[in-house]
Every structure is written in C-alpha cells, then in structure tokens.
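**Student:** Sharing a structure here in structure tokens format.
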Amino acid sequence: MDPFLKYLKNSLDNLVFLGLFIGVLGYWINVAFPSFKIGSKIGFYSVLSSNIFITTILTWRWIESGYFPLSNLYESLLFFTWGITFIALILESATSLNLLGAIITPLAMFIVGFATLSLPDGMQKAAPLVPALKSNWLMMHVSIMMFSYSTLIIGSLLSIVFLILTRGRQVNLKGSSVGNINVQGPNMSEISKDSDLRLHDSRDGILEKKLNLLESLDNLSYRIIGLGFPLLTIGIIAGAVWANEAWGSYWSWDPKETWALITWLVFAAYLHTRITKSWQGKGPAMLASLGFIVVWICYLGVNFLGKGLHSYGWIA
C-alpha cells in the first residue's frame, strides 16, 4: 500500500476512535452534570462524526477491493460498530434520552479499539475472497446478520442497565407490550431498601422520574429487540440458502450455525414472554441480558475455535 494511503487509512481509524472517546466524555459529563446540556450535544455530534468516518472507511475498502467489505474480522467489527452508532443516533434523535449515548457509546469505542489497536495489520488488510464468498449473498446475508447483532446487542445492553438500576428492588414494569406500570415492594410503596417514598407523594418528582426512566429503558429494549429478531431470522434463512448453493446443504450444524440458532431461540423466548404478558418485570430483562452474552459468543466466541465452515477470514 502506498505510504500516503496507509497514513490516511490509519488517520481515519484514529479519528473514529477519537470521536467515540470524545462522545463518551461528553455523554458522561452530561449524566454527571445534567445542567451542562452542551455535553450531550458534543457526544451526539462526535458519535455522528465517527459514524461518517466508518462509512468512509468501508466505502473506500469496497471501491478498492471490488466487493462489500465484510470478508474479515476487522471489516465486520467496523460494520458492527457502524450499526451500533447508527442505531444509537436514531434512538437519541427520536427519544431525546441522553442516557442512551452514555450507555451505548463506550461499547462502540471498545469495539473500535479492539479492531484498530489489537488486531495485527495482516488481519486488517483486504484479501482476495475465497471461492465460497464470491457471491451476491455475501452482502445480503452477512450485512443483515451483522446489523441484527448490532440491534440485539443494544436491546440487551439496555436490559442489563434496567437490571442494574432495579437491583435490590421488587419492580414490575409493563412497557409498550402491556401499557402500564406497577412498582411492588414492602407495603407496596417502597422503591428501595432505605426509602419509603410513596407513589402518590407530590412533594417531589424523584420517584416519577425513576419510573419514567425504567419504563423508557424497558420499552426501548423491547422495541429494539423486536426489530433485531426478524433481521436475525432473515439473515439465518439467507445464510441457509447460500450454504446450499456453496456447500450443497442448507444446515451443517457448524458452530456458527448452531450458536445462531441458540441466539434465535433466546430472543424468541424473550419476545414470547413479552407478547403473551405472562412474564413481566425483571424476568424478560434477565432473558435479554442472557442474549447479550449469547450474541457475543455467536459473533466472536466461536471464531476463536478456528473450526467450522465459517472459520476463514476470522481468528485462526
């Protein structure tokens, strides 16, 4: 690679990380000092700039290599981060909930740091596609799967935050799938172990704000997972059709395929509990939190094995 082009590529990588780092600082300052409104704006536009830089990198590699840039771990991590930041920006614009950026942006920064700082140069270079990947299915199957991972990861992460905020409390929130809120505790009125704030206490709005925040997190988690699940379903079906064309079998119980099925079952169970209304509160959130781990195993964990039909272009 030409030295100037290599310098430009490294500069774009650094700008992506820098933008996310500034975004994290901006959002966290806004959370620590709510009156400092400019912090959330700095965070939003920093994440937006990083998303644009990632788009530039992927477009550049697409033009340079002649195929959609999802053939190795570095490219998939960048696309994964692009999906996370894109969804985060849409959510913040739609909800004006600045806490979302403070939750999601550190994850994106960690992924970019791993992709640009930890992976060796050899794994970051675009290489000729192996025969099985020379198909139009590459763009459809892999891009849909990666975007579904981005969506499901965000939904699961919000459920984890919900569990952290309700730790030690008996809370039963019913979000958009039900439409009302109940908070249960000692005497049916305590929100925490060391307080006896009552639901109808009009002296301050602290309790109401807490309930609104919990409801928002629960509602957003449900809706985002509800978007990611059909994408995951379409991606798995597209992968099965491609597998039949490339390998002569729709399903081979490859480690990646097996964990994709496990991921599908976990989130199918989550949505079932929400839609049937038979299991509310922390239960679905715990199931979605399990999904956070399962998605990471499906996406990265099985690649450390270096085995199976999906092992090329990843981690040997």
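Following the order of the structure tokens, first chain is A, next is B, and so on, with residues numbered from 1 inside each chain and ligands from 1 in the order they appear.
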Can you pull out the residues contacting stretch 113-118 of chain A? Cut-off 7 Å, using only C-alpha atoms, and skip same-chain residues under 6 positions away; I want them as a PyMOL selection string.

**Tutor:** chain A and resi 13+17+74+77

**Student:** Dump as JSON lines the rows for residues of stretch 241-278 of chain A within 9 Å of stretch 124-141 of chain A: closest atom pair and distance in Å with one decimal, only C-alpha atoms counted, ordered by chain and rising residue number.

**Tutor:**
```
{"residue": "A:Val241", "atom": "CA", "partner": "A:Trp137", "partner_atom": "CA", "distance": 8.8}
{"residue": "A:Trp242", "atom": "CA", "partner": "A:Trp137", "partner_atom": "CA", "distance": 6.3}
{"residue": "A:Ala243", "atom": "CA", "partner": "A:Ala132", "partner_atom": "CA", "distance": 8.9}
{"residue": "A:Ala246", "atom": "CA", "partner": "A:Ala132", "partner_atom": "CA", "distance": 5.7}
{"residue": "A:Trp247", "atom": "CA", "partner": "A:Ala132", "partner_atom": "CA", "distance": 8.1}
```

**Student:** Could you list, as an MDAnalysis selection string, every residue within 12 Å of A:Val16, counting only C-alpha atoms and ignoring same-chain residues fewer than 4 positions away?

**Tutor:** chainID A and resid 9:12 20:23 46:57 78 81:82 85 105 108:113 115:116

**Student:** Keeping only N, CA, C and O atoms, take the residues you just selected and write them out as a compact mmCIF listing (two decimals), in the first residue's frame.

**Tutor:**
```txt
# COMPACT_ATOMS: atom_id res chain seq x y z
N LYS A 9 -5.39 5.94 5.90
CA LYS A 9 -6.22 4.88 6.49
C LYS A 9 -6.07 4.86 8.00
O LYS A 9 -7.06 4.77 8.75
N ASN A 10 -4.83 4.94 8.48
CA ASN A 10 -4.59 4.95 9.92
C ASN A 10 -5.20 6.19 10.58
O ASN A 10 -5.70 6.12 11.70
N SER A 11 -5.14 7.31 9.86
CA SER A 11 -5.71 8.54 10.39
C SER A 11 -7.22 8.42 10.56
O SER A 11 -7.79 8.88 11.56
N LEU A 12 -7.88 7.79 9.58
CA LEU A 12 -9.33 7.60 9.68
C LEU A 12 -9.67 6.69 10.86
O LEU A 12 -10.64 6.94 11.59
N LEU A 20 -15.37 8.69 19.15
CA LEU A 20 -16.12 7.91 20.15
C LEU A 20 -15.64 8.24 21.56
O LEU A 20 -16.46 8.30 22.50
N PHE A 21 -14.34 8.45 21.72
CA PHE A 21 -13.80 8.81 23.04
C PHE A 21 -14.36 10.15 23.51
O PHE A 21 -14.80 10.29 24.66
N ILE A 22 -14.37 11.13 22.61
CA ILE A 22 -14.94 12.44 22.96
C ILE A 22 -16.43 12.29 23.24
O ILE A 22 -16.98 12.94 24.14
N GLY A 23 -17.09 11.42 22.46
CA GLY A 23 -18.51 11.19 22.68
C GLY A 23 -18.79 10.63 24.07
O GLY A 23 -19.74 11.05 24.75
N SER A 46 -20.06 14.00 18.05
CA SER A 46 -18.83 13.21 18.00
C SER A 46 -19.11 11.80 17.50
O SER A 46 -18.38 11.27 16.66
N VAL A 47 -20.19 11.20 18.00
CA VAL A 47 -20.58 9.87 17.53
C VAL A 47 -21.00 9.94 16.06
O VAL A 47 -20.68 9.04 15.27
N LEU A 48 -21.70 10.99 15.69
CA LEU A 48 -22.09 11.16 14.28
C LEU A 48 -20.86 11.24 13.38
O LEU A 48 -20.82 10.63 12.30
N SER A 49 -19.85 11.98 13.81
CA SER A 49 -18.63 12.09 13.01
C SER A 49 -17.94 10.74 12.89
O SER A 49 -17.44 10.38 11.81
N SER A 50 -17.92 9.97 13.97
CA SER A 50 -17.31 8.64 13.91
C SER A 50 -18.07 7.73 12.95
O SER A 50 -17.47 6.95 12.21
N ASN A 51 -19.39 7.83 12.97
CA ASN A 51 -20.20 7.04 12.04
C ASN A 51 -19.89 7.40 10.59
O ASN A 51 -19.78 6.52 9.72
N ILE A 52 -19.70 8.68 10.34
CA ILE A 52 -19.36 9.13 8.98
C ILE A 52 -17.97 8.63 8.59
O ILE A 52 -17.75 8.19 7.44
N PHE A 53 -17.02 8.68 9.52
CA PHE A 53 -15.67 8.18 9.23
C PHE A 53 -15.69 6.67 8.94
O PHE A 53 -14.98 6.20 8.05
N ILE A 54 -16.48 5.92 9.70
CA ILE A 54 -16.59 4.48 9.44
C ILE A 54 -17.20 4.24 8.06
O ILE A 54 -16.74 3.36 7.31
N THR A 55 -18.22 5.02 7.71
CA THR A 55 -18.82 4.91 6.38
C THR A 55 -17.78 5.17 5.30
O THR A 55 -17.73 4.46 4.28
N THR A 56 -16.93 6.16 5.53
CA THR A 56 -15.87 6.49 4.57
C THR A 56 -14.88 5.33 4.43
O THR A 56 -14.50 4.95 3.32
N ILE A 57 -14.48 4.74 5.55
CA ILE A 57 -13.53 3.62 5.52
C ILE A 57 -14.11 2.44 4.77
O ILE A 57 -13.46 1.84 3.89
N LEU A 78 -15.89 -3.15 12.14
CA LEU A 78 -16.23 -1.77 11.76
C LEU A 78 -17.70 -1.66 11.37
O LEU A 78 -18.39 -0.71 11.76
N THR A 81 -19.78 -1.80 14.47
CA THR A 81 -19.77 -0.51 15.16
C THR A 81 -20.60 0.52 14.42
O THR A 81 -21.30 1.33 15.04
N TRP A 82 -20.54 0.47 13.10
CA TRP A 82 -21.37 1.39 12.30
C TRP A 82 -22.84 1.18 12.64
O TRP A 82 -23.59 2.14 12.84
N THR A 85 -23.59 2.57 16.27
CA THR A 85 -23.64 4.03 16.33
C THR A 85 -24.83 4.58 15.55
O THR A 85 -25.46 5.55 15.96
N THR A 105 -22.29 4.31 23.67
CA THR A 105 -21.03 4.78 23.07
C THR A 105 -19.79 4.08 23.62
O THR A 105 -18.87 3.77 22.85
N ALA A 108 -19.25 0.91 21.69
CA ALA A 108 -18.72 1.16 20.34
C ALA A 108 -17.24 1.51 20.39
O ALA A 108 -16.45 1.06 19.55
N MET A 109 -16.84 2.31 21.37
CA MET A 109 -15.43 2.68 21.50
C MET A 109 -14.57 1.46 21.79
O MET A 109 -13.47 1.32 21.23
N PHE A 110 -15.04 0.57 22.63
CA PHE A 110 -14.30 -0.65 22.95
C PHE A 110 -14.11 -1.51 21.70
O PHE A 110 -13.01 -2.04 21.45
N ILE A 111 -15.15 -1.66 20.89
CA ILE A 111 -15.07 -2.48 19.69
C ILE A 111 -14.08 -1.90 18.70
O ILE A 111 -13.25 -2.61 18.12
N VAL A 112 -14.15 -0.58 18.49
CA VAL A 112 -13.22 0.07 17.56
C VAL A 112 -11.79 -0.04 18.07
O VAL A 112 -10.85 -0.28 17.29
N GLY A 113 -11.61 0.12 19.37
CA GLY A 113 -10.27 -0.01 19.94
C GLY A 113 -9.71 -1.40 19.71
O GLY A 113 -8.53 -1.56 19.37
N ALA A 115 -10.59 -3.45 17.26
CA ALA A 115 -10.38 -3.66 15.82
C ALA A 115 -9.13 -2.96 15.32
O ALA A 115 -8.38 -3.51 14.50
N THR A 116 -8.89 -1.73 15.78
CA THR A 116 -7.79 -0.93 15.24
C THR A 116 -6.49 -1.07 15.99
O THR A 116 -5.41 -0.90 15.42
```

**Student:** Would you compute the distance between atom CA of A:Ile87 and atom CA of A:Leu119? Give it in Å to one decimal.

**Tutor:**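 Calculated distance between atom CA of A:Ile87 and atom CA of A:Leu119 is 25.2 Å.
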
**Student:** Which is closer to A:Tyr299 than all the others in A:Phe80, A:Phe162, A:Tyr250, A:Phe229, using only C-alpha atoms?

**Tutor:** A:Phe80

**Student:** Using only C-alpha atoms, which of A:Ile153, A:Thr263, A:Ala269, A:Ile224 sits nearest A:Phe292?

**Tutor:**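 Ranked by minimum distance to A:Phe292, first place goes to A:Ile153.
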
**Student:** Name all residues at most 12 Å from A:Ser93 (count only C-alpha atoms; drop same-chain ones fewer than 6 positions away) and give them as a ChimeraX atom specification.

**Tutor:** /A:40-41,44-45,48,86-87,100-101

**Student:** Go ahead and dump the residues you just picked, N, CA, C and O atoms, as a short mmCIF file (atom, residue, chain, number, x, y, z; two decimals), in the first residue's frame.

**Tutor:**
```
data_model
loop_
_atom_site.label_atom_id
_atom_site.label_comp_id
_atom_site.auth_asym_id
_atom_site.auth_seq_id
_atom_site.Cartn_x
_atom_site.Cartn_y
_atom_site.Cartn_z
N SER A 40 -24.16 16.63 26.04
CA SER A 40 -24.87 15.66 25.21
C SER A 40 -24.75 16.01 23.73
O SER A 40 -24.69 15.14 22.87
N LYS A 41 -24.72 17.32 23.42
CA LYS A 41 -24.56 17.73 22.02
C LYS A 41 -23.17 17.36 21.51
O LYS A 41 -23.02 16.90 20.37
N PHE A 44 -23.28 13.64 20.89
CA PHE A 44 -24.05 13.26 19.71
C PHE A 44 -23.26 13.52 18.43
O PHE A 44 -23.14 12.64 17.56
N TYR A 45 -22.71 14.72 18.30
CA TYR A 45 -22.01 15.07 17.06
C TYR A 45 -20.66 14.35 16.94
O TYR A 45 -20.19 14.10 15.82
N LEU A 48 -21.70 10.99 15.69
CA LEU A 48 -22.09 11.16 14.28
C LEU A 48 -20.86 11.24 13.38
O LEU A 48 -20.82 10.63 12.30
N PHE A 86 -25.16 3.94 14.43
CA PHE A 86 -26.30 4.39 13.62
C PHE A 86 -27.60 4.27 14.42
O PHE A 86 -28.41 5.20 14.49
N ILE A 87 -27.79 3.12 15.05
CA ILE A 87 -29.00 2.90 15.85
C ILE A 87 -29.03 3.85 17.05
O ILE A 87 -30.08 4.40 17.39
N LEU A 100 -28.88 7.18 26.75
CA LEU A 100 -28.61 6.13 25.77
C LEU A 100 -27.18 6.23 25.24
O LEU A 100 -26.48 5.23 25.09
N GLY A 101 -26.76 7.46 24.94
CA GLY A 101 -25.40 7.65 24.44
C GLY A 101 -24.36 7.27 25.46
O GLY A 101 -23.32 6.70 25.12
#
```

**Student:** Which residues are near A:Leu152? Cut-off 10 Å, only C-alpha atoms, ignore same chain within fewer than 2 positions. Put them as a short mmCIF file (atom, residue, chain, number, x, y, z; two decimals) with C-alpha atoms, in the first residue's frame.

**Tutor:**
```cif
data_model
loop_
_atom_site.label_atom_id
_atom_site.label_comp_id
_atom_site.auth_asym_id
_atom_site.auth_seq_id
_atom_site.Cartn_x
_atom_site.Cartn_y
_atom_site.Cartn_z
CA ILE A 84 -24.40 0.33 16.79
CA MET A 146 -24.24 -8.00 11.47
CA PHE A 147 -26.98 -5.38 11.65
CA SER A 148 -29.17 -7.78 13.62
CA TYR A 149 -26.26 -8.33 16.04
CA SER A 150 -25.91 -4.55 16.46
CA ILE A 154 -28.19 -2.62 22.08
CA GLY A 155 -31.54 -4.03 23.20
CA SER A 156 -29.81 -6.49 25.51
CA LEU A 157 -27.50 -3.81 26.89
CA LEU A 158 -30.49 -1.67 27.84
CA SER A 221 -35.21 -2.66 24.89
CA TYR A 222 -38.40 -4.46 23.85
CA ILE A 224 -35.18 -2.72 19.59
CA ILE A 225 -35.09 -6.48 20.15
CA GLY A 226 -38.39 -6.64 18.28
CA LEU A 227 -36.58 -5.06 15.32
CA GLY A 228 -33.44 -7.17 15.57
CA PHE A 229 -35.22 -10.52 15.83
CA LEU A 231 -33.48 -9.31 10.91
CA LEU A 232 -31.76 -12.26 12.58
CA THR A 263 -29.34 -16.85 19.71
CA PHE A 267 -34.67 -13.89 21.75
CA ALA A 288 -32.49 -10.39 27.23
CA GLY A 291 -28.95 -12.76 24.95
CA PHE A 292 -26.15 -10.19 25.28
CA VAL A 295 -24.72 -12.81 20.74
#
```

**Student:** At what distance in Å, to one decimal, does atom CA of A:Arg274 lie from atom CA of A:Leu287?

**Tutor:** 10.8 Å

**Student:** Between atom CA of A:Asn98 and atom CA of A:Lys37, what is the spacing in Å?

**Tutor:**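 Value for the atom CA of A:Lys37-atom CA of A:Asn98 distance: 9.7 Å.
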
**Student:** Could you pull out the alpha helix (DSSP H) residues of stretch 50-108 of chain A, going by DSSP on the backbone, and write them as a VMD selection string?

**Tutor:** chain A and resid 50 to 65 73 to 95 99 to 108
